[in-house]
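Containing compact mmCIF, C-alpha atoms: entry-v8.txt.
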# COMPACT_ATOMS: atom_id res chain seq x y z
CA MET A 13 109.67 79.46 -31.35
CA LEU A 14 108.03 76.90 -29.10
CA PRO A 15 109.41 76.38 -25.58
CA GLU A 16 111.53 73.25 -25.12
CA TRP A 17 109.10 71.71 -22.61
CA LEU A 18 106.20 72.05 -25.09
CA VAL A 19 108.19 70.35 -27.85
CA ALA A 20 109.14 67.53 -25.50
CA TRP A 21 105.51 67.13 -24.46
CA SER A 22 104.33 66.87 -28.10
CA TRP A 23 107.00 64.26 -28.76
CA SER A 24 105.80 62.31 -25.71
CA LEU A 25 102.23 62.34 -27.02
CA ASP A 26 103.38 61.13 -30.41
CA GLY A 27 105.30 58.30 -28.80
CA LEU A 28 102.30 57.31 -26.66
CA ARG A 29 100.02 57.34 -29.73
CA ASP A 30 102.45 55.19 -31.70
CA GLY A 31 102.72 52.72 -28.79
CA VAL A 32 98.95 52.34 -28.48
CA ALA A 33 98.60 51.85 -32.27
CA THR A 34 101.31 49.18 -32.23
CA ALA A 35 99.63 47.35 -29.37
CA ILE A 36 96.23 47.35 -31.14
CA GLN A 37 97.80 46.04 -34.34
CA SER A 38 99.53 43.26 -32.36
CA VAL A 39 96.22 42.13 -30.90
CA ARG A 40 94.65 42.11 -34.37
CA ASP A 41 97.52 39.99 -35.68
CA CYS A 42 97.04 37.40 -32.91
CA GLY A 43 94.65 34.54 -33.33
CA SER A 44 91.41 34.43 -31.41
CA SER A 45 92.72 31.55 -29.26
CA ALA A 46 95.66 33.65 -28.07
CA VAL A 47 93.39 36.51 -27.14
CA VAL A 48 91.11 34.16 -25.17
CA THR A 49 94.12 32.69 -23.35
CA VAL A 50 95.41 36.13 -22.33
CA ALA A 51 91.92 37.13 -21.16
CA CYS A 52 91.62 33.95 -19.04
CA LEU A 53 95.01 34.54 -17.46
CA LEU A 54 94.02 38.12 -16.64
CA VAL A 55 90.79 36.94 -14.99
CA LEU A 56 92.68 34.33 -12.94
CA PHE A 57 95.19 36.95 -11.82
CA VAL A 58 92.43 39.33 -10.70
CA TRP A 59 90.68 36.48 -8.83
CA TYR A 60 93.93 35.50 -7.10
CA CYS A 61 94.61 39.07 -5.95
CA TYR A 62 91.08 39.32 -4.58
CA HIS A 63 91.35 35.97 -2.77
CA VAL A 64 94.71 36.79 -1.16
CA GLY A 65 93.53 40.26 -0.19
CA ARG A 66 90.48 39.04 1.72
CA GLU A 67 92.18 36.04 3.35
CA GLN A 68 92.51 36.39 7.12
CA PRO A 69 95.86 35.61 8.75
CA ARG A 70 96.12 32.33 10.65
CA PRO A 71 95.67 32.63 14.40
CA TYR A 72 99.18 31.65 15.43
CA VAL A 73 99.91 31.36 19.12
CA SER A 74 102.63 33.68 20.43
CA VAL A 75 105.91 31.90 21.16
CA ASN A 76 106.30 34.09 24.21
CA SER A 77 102.91 33.04 25.60
CA LEU A 78 103.88 29.40 25.22
CA LEU A 79 106.87 29.97 27.47
CA GLN A 80 104.86 31.55 30.26
CA GLY A 81 103.77 29.36 33.16
CA VAL A 82 102.04 29.93 36.48
CA ASP A 83 101.44 27.10 38.89
CA ALA A 84 98.28 26.44 40.84
CA SER A 85 99.48 28.59 43.73
CA GLY A 86 100.14 31.58 41.52
CA LEU A 87 103.91 31.28 41.87
CA GLN A 88 106.08 31.77 38.82
CA ASN A 89 107.19 28.40 37.53
CA GLY A 90 110.89 27.99 38.05
CA SER A 91 111.57 24.29 38.07
CA VAL A 92 108.50 22.07 38.19
CA TYR A 93 105.71 21.34 35.74
CA CYS A 94 102.98 23.87 36.28
CA GLN A 95 100.19 22.10 34.33
CA SER A 96 99.18 25.36 32.67
CA PRO A 97 97.69 24.86 29.17
CA GLU A 98 99.65 27.94 28.02
CA CYS A 99 103.05 26.58 29.11
CA VAL A 100 104.95 24.76 26.39
CA ARG A 101 107.06 22.94 28.97
CA CYS A 102 103.96 21.35 30.42
CA THR A 103 101.68 20.84 27.43
CA HIS A 104 102.71 19.83 23.94
CA HIS A 105 101.41 22.45 21.54
CA GLU A 106 100.96 21.20 17.99
CA GLY A 107 101.00 24.73 16.60
CA LEU A 108 104.45 25.62 17.91
CA ASN A 109 106.49 24.14 15.06
CA GLN A 110 104.14 25.74 12.52
CA LYS A 111 104.58 29.08 14.29
CA LEU A 112 108.37 28.74 14.28
CA TYR A 113 108.46 27.90 10.58
CA HIS A 114 106.19 30.85 9.84
CA ASN A 115 108.60 33.13 11.75
CA LEU A 116 111.59 31.69 9.87
CA GLN A 117 109.90 32.34 6.54
CA ASP A 118 109.19 35.93 7.58
CA TYR A 119 112.84 36.39 8.51
CA ALA A 120 114.11 34.91 5.23
CA LYS A 121 111.80 37.17 3.20
CA ARG A 122 113.12 40.25 4.97
CA TYR A 123 116.77 39.22 5.03
CA SER A 124 118.10 35.98 3.55
CA TRP A 125 118.00 32.18 3.67
CA SER A 126 121.81 32.22 3.78
CA GLY A 127 123.11 30.43 6.86
CA MET A 128 119.64 29.20 7.85
CA GLY A 129 120.22 25.51 7.02
CA ARG A 130 120.68 24.33 10.57
CA ILE A 131 117.73 26.34 11.93
CA HIS A 132 115.52 25.13 9.07
CA LYS A 133 116.55 21.55 9.77
CA GLY A 134 115.92 21.99 13.49
CA ILE A 135 112.41 23.41 13.02
CA ARG A 136 111.46 20.86 10.36
CA GLU A 137 112.45 17.90 12.55
CA GLN A 138 111.85 19.45 15.97
CA GLY A 139 109.35 16.81 17.07
CA ARG A 140 111.77 13.99 16.33
CA TYR A 141 114.68 15.75 18.02
CA LEU A 142 112.79 16.47 21.22
CA SER A 143 111.27 12.99 21.49
CA SER A 144 114.41 11.03 20.66
CA ARG A 145 116.93 12.95 22.77
CA PRO A 146 118.65 10.95 25.53
CA SER A 147 117.23 11.60 28.97
CA ILE A 148 120.41 13.39 30.08
CA GLN A 149 119.80 16.29 27.65
CA LYS A 150 116.30 17.14 26.50
CA PRO A 151 115.54 20.84 25.85
CA GLU A 152 111.83 21.36 26.20
CA VAL A 153 111.16 24.01 23.54
CA PHE A 154 113.80 24.22 20.80
CA PHE A 155 116.77 22.01 19.91
CA LEU A 156 119.34 23.31 17.41
CA PRO A 157 121.06 20.29 15.82
CA ASP A 158 124.80 19.79 15.37
CA LEU A 159 125.87 21.88 18.37
CA PRO A 160 128.65 20.41 20.53
CA THR A 161 127.14 19.18 23.78
CA THR A 162 128.71 19.13 27.23
CA PRO A 163 127.20 19.77 30.68
CA TYR A 164 129.83 22.37 31.61
CA PHE A 165 131.83 24.83 29.51
CA SER A 166 135.27 26.22 30.20
CA ARG A 167 135.80 29.90 30.87
CA GLU A 168 137.35 30.19 27.40
CA ALA A 169 133.96 29.57 25.76
CA GLN A 170 132.98 33.19 26.42
CA LYS A 171 136.22 34.59 27.80
CA HIS A 172 135.49 38.30 27.34
CA ASP A 173 132.17 38.22 29.16
CA VAL A 174 133.43 35.93 31.92
CA GLU A 175 136.36 38.21 32.68
CA LEU A 176 134.16 41.30 32.57
CA LEU A 177 131.69 39.80 35.04
CA GLU A 178 134.42 38.70 37.40
CA ARG A 179 136.08 42.14 37.34
CA ASN A 180 132.74 43.65 38.39
CA PHE A 181 132.04 41.12 41.14
CA GLN A 182 132.17 43.71 43.94
CA THR A 183 129.87 46.10 42.08
CA ILE A 184 127.17 43.45 41.64
CA LEU A 185 127.59 42.21 45.20
CA CYS A 186 127.19 45.70 46.69
CA GLU A 187 123.98 46.33 44.77
CA PHE A 188 122.65 42.93 45.83
CA GLU A 189 123.38 43.62 49.51
CA THR A 190 121.46 46.90 49.27
CA LEU A 191 118.52 45.02 47.74
CA TYR A 192 118.64 42.22 50.29
CA LYS A 193 118.22 44.55 53.24
CA ALA A 194 114.54 44.77 52.30
CA PHE A 195 114.18 41.11 53.27
CA SER A 196 114.21 42.14 56.93
CA ASN A 197 110.47 42.70 56.52
CA CYS A 198 108.10 39.74 56.55
CA SER A 199 106.54 40.39 53.15
CA LEU A 200 108.28 39.67 49.84
CA PRO A 201 110.00 42.87 48.64
CA GLN A 202 108.82 44.44 45.41
CA GLY A 203 110.53 43.09 42.31
CA TRP A 204 111.37 39.65 43.71
CA LYS A 205 109.75 36.42 42.50
CA VAL A 206 109.19 33.21 44.43
CA ASN A 207 109.87 29.99 42.50
CA SER A 208 108.23 26.74 43.53
CA THR A 209 110.53 24.17 45.13
CA PRO A 210 109.85 20.95 47.06
CA SER A 211 111.68 22.40 50.06
CA GLY A 212 113.17 25.68 51.14
CA GLU A 213 112.87 29.02 49.34
CA TRP A 214 114.17 30.18 45.97
CA PHE A 215 113.92 33.87 45.08
CA THR A 216 114.84 35.62 41.84
CA PHE A 217 115.24 39.31 41.00
CA TYR A 218 115.05 39.75 37.22
CA PHE A 219 116.68 42.44 35.13
CA ILE A 220 115.76 40.62 31.91
CA ASN A 221 112.98 38.05 32.01
CA GLN A 222 112.46 35.94 28.86
CA GLY A 223 113.90 38.67 26.66
CA VAL A 224 111.97 41.51 28.29
CA CYS A 225 113.69 44.18 30.35
CA VAL A 226 112.25 44.86 33.82
CA PRO A 227 112.78 48.65 34.14
CA ARG A 228 111.83 48.98 37.80
CA ASN A 229 114.36 46.35 38.84
CA CYS A 230 117.05 47.76 36.55
CA ARG A 231 116.70 51.18 38.17
CA LYS A 232 117.40 49.63 41.56
CA CYS A 233 120.71 48.19 40.32
CA PRO A 234 121.89 50.67 37.67
CA ARG A 235 125.54 49.59 37.57
CA THR A 236 124.62 45.93 37.20
CA TYR A 237 122.20 46.77 34.42
CA ARG A 238 124.81 48.86 32.58
CA LEU A 239 127.19 45.93 32.86
CA LEU A 240 124.73 43.74 30.94
CA GLY A 241 124.97 46.16 28.03
CA SER A 242 128.74 45.64 27.92
CA LEU A 243 128.51 41.87 27.52
CA ARG A 244 129.16 40.75 23.94
CA THR A 245 127.18 37.50 24.04
CA CYS A 246 124.31 38.25 26.41
CA ILE A 247 120.96 37.03 25.05
CA GLY A 248 118.70 40.00 25.56
CA ASN A 249 116.40 40.05 22.55
CA ASN A 250 114.63 36.69 22.56
CA VAL A 251 112.55 34.64 24.97
CA PHE A 252 115.50 32.42 25.93
CA GLY A 253 117.43 35.33 27.44
CA ASN A 254 117.41 36.04 31.18
CA ALA A 255 119.50 37.96 33.68
CA CYS A 256 118.75 37.90 37.38
CA ILE A 257 120.00 37.51 40.92
CA SER A 258 119.13 34.04 42.23
CA VAL A 259 118.91 33.35 45.96
CA LEU A 260 118.63 29.93 47.63
CA SER A 261 117.89 29.84 51.33
CA PRO A 262 119.40 27.06 53.50
CA GLY A 263 117.51 23.79 53.11
CA THR A 264 116.39 24.50 49.54
CA VAL A 265 116.33 21.83 46.84
CA ILE A 266 115.44 22.67 43.24
CA THR A 267 113.69 19.84 41.42
CA GLU A 268 115.64 18.27 38.56
CA HIS A 269 114.56 19.87 35.29
CA TYR A 270 115.61 20.75 31.74
CA GLY A 271 116.03 24.21 30.27
CA PRO A 272 114.09 25.19 27.15
CA THR A 273 116.92 25.19 24.58
CA ASN A 274 120.53 24.28 23.81
CA ILE A 275 121.39 27.54 22.00
CA ARG A 276 122.49 29.22 25.21
CA ILE A 277 125.04 28.84 27.99
CA ARG A 278 123.87 29.75 31.47
CA CYS A 279 126.47 31.68 33.43
CA HIS A 280 126.47 31.87 37.24
CA LEU A 281 128.72 34.42 38.94
CA GLY A 282 129.05 33.44 42.60
CA LEU A 283 128.17 36.29 44.97
CA LYS A 284 127.69 34.36 48.23
CA THR A 285 128.59 30.67 48.21
CA PRO A 286 128.51 29.03 51.65
CA SER A 287 129.55 25.43 52.09
CA GLY A 288 126.97 22.73 51.43
CA CYS A 289 125.81 24.25 48.15
CA GLU A 290 126.07 22.33 44.91
CA LEU A 291 125.00 22.41 41.26
CA VAL A 292 124.56 19.10 39.42
CA VAL A 293 124.33 19.14 35.60
CA GLY A 294 124.08 15.94 33.59
CA GLY A 295 125.00 13.98 36.72
CA GLU A 296 128.22 15.97 37.26
CA PRO A 297 128.44 18.02 40.50
CA GLN A 298 130.16 21.40 40.73
CA CYS A 299 130.45 24.00 43.47
CA TRP A 300 130.20 27.76 43.06
CA ALA A 301 132.99 30.08 44.14
CA GLU A 302 132.63 33.73 45.08
CA GLY A 303 133.80 36.04 42.32
CA ARG A 304 134.09 33.21 39.79
CA CYS A 305 131.85 32.27 36.86
CA LEU A 306 130.46 28.80 36.31
CA LEU A 307 129.18 28.05 32.78
CA PHE A 308 126.81 25.19 31.99
CA ASP A 309 124.26 23.99 29.44
CA ASP A 310 120.92 24.00 31.22
CA SER A 311 119.27 21.88 28.52
CA PHE A 312 120.92 18.99 30.41
CA LEU A 313 119.02 17.59 33.38
CA HIS A 314 120.15 19.72 36.32
CA THR A 315 119.40 20.56 39.92
CA ALA A 316 120.80 22.74 42.69
CA PHE A 317 120.61 22.60 46.45
CA HIS A 318 121.73 24.36 49.62
CA GLU A 319 122.32 21.95 52.50
CA GLY A 320 123.97 24.47 54.79
CA SER A 321 122.64 25.75 58.10
CA ALA A 322 120.70 28.94 58.75
CA GLU A 323 123.90 30.51 60.13
CA ASP A 324 125.57 30.04 56.72
CA GLY A 325 123.12 32.38 55.04
CA PRO A 326 121.79 32.12 51.49
CA ARG A 327 123.55 31.02 48.32
CA VAL A 328 123.49 33.92 45.88
CA VAL A 329 124.53 33.99 42.22
CA PHE A 330 124.19 36.52 39.42
CA MET A 331 122.75 34.57 36.49
CA VAL A 332 122.91 35.60 32.83
CA ASP A 333 122.24 33.67 29.63
CA LEU A 334 124.96 33.83 26.96
CA TRP A 335 124.98 32.51 23.41
CA HIS A 336 126.39 29.06 22.81
CA PRO A 337 129.79 29.74 21.19
CA ASN A 338 128.98 27.56 18.17
CA VAL A 339 125.83 29.46 17.19
CA ALA A 340 126.90 31.64 14.25
CA ALA A 341 126.19 35.37 14.05
CA ALA A 342 123.62 34.93 11.25
CA GLU A 343 121.85 32.24 13.29
CA ARG A 344 121.77 34.49 16.36
CA GLN A 345 120.11 37.24 14.37
CA ALA A 346 117.53 34.83 12.97
CA LEU A 347 116.81 33.24 16.36
CA ASP A 348 116.32 36.70 17.89
CA PHE A 349 113.71 37.33 15.18
CA ILE A 350 112.00 33.93 15.41
CA PHE A 351 111.81 33.93 19.22
CA ALA A 352 111.31 37.66 19.74
CA PRO A 353 109.14 38.39 22.81
CA GLY A 354 105.52 38.73 21.78
CA ARG A 355 105.84 37.00 18.39
Please express the file's structure as structure tokens.
Amino acid sequence: MLPEWLVAWSWSLDGLRDGVATAIQSVRDCGSSAVVTVACLLVLFVWYCYHVGREQPRPYVSVNSLLQGVDASGLQNGSVYCQSPECVRCTHHEGLNQKLYHNLQDYAKRYSWSGMGRIHKGIREQGRYLSSRPSIQKPEVFFLPDLPTTPYFSREAQKHDVELLERNFQTILCEFETLYKAFSNCSLPQGWKVNSTPSGEWFTFYFINQGVCVPRNCRKCPRTYRLLGSLRTCIGNNVFGNACISVLSPGTVITEHYGPTNIRIRCHLGLKTPSGCELVVGGEPQCWAEGRCLLFDDSFLHTAFHEGSAEDGPRVVFMVDLWHPNVAAAERQALDFIFAPGR
């Protein structure tokens, strides 16, 4: 008696033989024109596969590189036009919209086009949006259409994160004061950046810089860094996300400028707020308060200044970028992918 596997194998061979015979008979039954047509289609398919396989990818410019800017003095660009050919704020780059659409297509292939209507519309008509925006609000990189616009937002816009930041005011302040002791030396302490301003001095200490964590700085302020991980709406995975301590010395004026996008809300938690300090967004002035958060849309024309005396000391805020409350969860995921650092 033959083993079961041998019987099954013989049946498989019989089936294969029958299938091949049927296929040959089908070809014989077809007319010569049908056979020629199938052969032509097969040749075209092989040619297409070869062509696609040898095609080199287009040399897209990284979105992250377009956001980088260094001025002529080597200072990190914080408010003024740096004239760098790599900075999208300073030089219109015709390939940016093409790059963004390419990234959106990649995202949709991996996930879904569902919920992407507004982003697709924004990328498709980005040039028109950026050129036709009123002068009071003109994001310099990406404008997402149909978002409610206002220079300032109430605390309720991101209530959980605002309350969490304010509860940890003393923690952040203590870590800042430890950092600031290093300023007793003449040289700029490690980890701090100088931003160009027409007058005075503006320093920043980044934990997240354009979506990239700065490990050395985070280790110096571990409790502040852990707090960032507890925020529900912190933008930490794309080039529009930042978190830092911002210091204005007395006599500093920051040039009026626009932020890169309207998809975020910039949150300032006041750490040290002497008199004579003011933030102006969309022509509306506001003052910081210690231990309180101030939320604003930095895609509006804005400036800040410290007109106090040297005895008043610096104005210090903890700054973090949060998602605009009307950007949906699916859109946030897609924007993180499209504007991922290094893409």
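The coordinates place CA of Ile247 (chain A) at 11.8 Å from CA of Met331 (chain A).
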Point-to-point distance in Å for CA of Pro353 (chain A) and CA of Val251 (chain A): 5.5 Å
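Nearest residue to Leu142 (chain A), choosing from A:Cys305, A:Pro297, A:Pro272, A:Pro201 and counting all atoms listed in the file: A:Pro272.
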Thr216 (chain A) environment, 6 Å, all atoms listed in the file, sequence neighbours closer than 6 positions dropped, as a ChimeraX atom specification: /A:204-205,257-258
Separation of CA of Glu178 (chain A) from CA of Ala352 (chain A) in Å: 29.1 Å
Distance criterion (only C-alpha atoms): nearest to Lys232 (chain A) out of A:Phe217, A:Trp300, A:Phe165, A:Phe195: A:Phe217
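With all atoms listed in the file taken into account, the protein and nucleic acid residues at most 10 Å from region 241-246 of chain A (excluding it and anything under 4 positions from it in its own chain) are Gln170, His172, Asp173, Val174, Leu176, Leu177, Thr236, Tyr237, Gly253, Asn254, Ala255, Arg276, Ile277, Arg278, Cys279, Val332, Asp333, Leu334, Trp335, His336, Pro337 and Arg344 of chain A.
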Cut-off 9 Å around (115.9, 44.6, 29.3) with all atoms listed in the file: residues as JSON, numbers by chain: {"A": [219, 220, 221, 223, 224, 225, 226, 227, 230, 237, 248, 249, 254, 255]}
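Considering only C-alpha atoms, the residue among A:Thr315, A:Arg355, A:Phe308, A:Asp348 positioned nearest to Arg167 (chain A) is A:Phe308.
With only C-alpha atoms as the atoms that count, the residue of A:Ser311, A:Asn250, A:Gln117, A:Thr264 with the shortest distance to Glu290 (chain A) is A:Thr264.
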Spatial neighbours of Pro210 (chain A), 8 Å, only C-alpha atoms, chain gap at least 6 places, as a list in words: Thr264, Val265, Ile266 and Thr267 of chain A
Among the residues A:Thr273, A:Ser261, A:Gln222, A:Ser321, the one that comes closest to Phe154 (chain A) [using all atoms listed in the file]: A:Thr273
I'd like the neighbourhood of Ile148 (chain A) as an mmCIF file with C-alpha atoms, in the coordinates of the input, where a residue qualifies if any of its atoms comes within 12 Å (using all atoms listed in the file), though same-chain residues fewer than 2 positions away should be ignored.
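around.cif, written as the output of this step:
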data_model
loop_
_atom_site.group_PDB
_atom_site.id
_atom_site.type_symbol
_atom_site.label_atom_id
_atom_site.label_comp_id
_atom_site.auth_asym_id
_atom_site.auth_seq_id
_atom_site.Cartn_x
_atom_site.Cartn_y
_atom_site.Cartn_z
ATOM 1 C CA SER A 144 114.410 11.030 20.660
ATOM 2 C CA ARG A 145 116.930 12.950 22.770
ATOM 3 C CA PRO A 146 118.650 10.950 25.530
ATOM 4 C CA LYS A 150 116.300 17.140 26.500
ATOM 5 C CA PRO A 151 115.540 20.840 25.850
ATOM 6 C CA THR A 161 127.140 19.180 23.780
ATOM 7 C CA THR A 162 128.710 19.130 27.230
ATOM 8 C CA PRO A 163 127.200 19.770 30.680
ATOM 9 C CA GLU A 268 115.640 18.270 38.560
ATOM 10 C CA HIS A 269 114.560 19.870 35.290
ATOM 11 C CA TYR A 270 115.610 20.750 31.740
ATOM 12 C CA GLY A 271 116.030 24.210 30.270
ATOM 13 C CA VAL A 292 124.560 19.100 39.420
ATOM 14 C CA VAL A 293 124.330 19.140 35.600
ATOM 15 C CA GLY A 294 124.080 15.940 33.590
ATOM 16 C CA GLY A 295 125.000 13.980 36.720
ATOM 17 C CA GLU A 296 128.220 15.970 37.260
ATOM 18 C CA ASP A 309 124.260 23.990 29.440
ATOM 19 C CA ASP A 310 120.920 24.000 31.220
ATOM 20 C CA SER A 311 119.270 21.880 28.520
ATOM 21 C CA PHE A 312 120.920 18.990 30.410
ATOM 22 C CA LEU A 313 119.020 17.590 33.380
ATOM 23 C CA HIS A 314 120.150 19.720 36.320
#
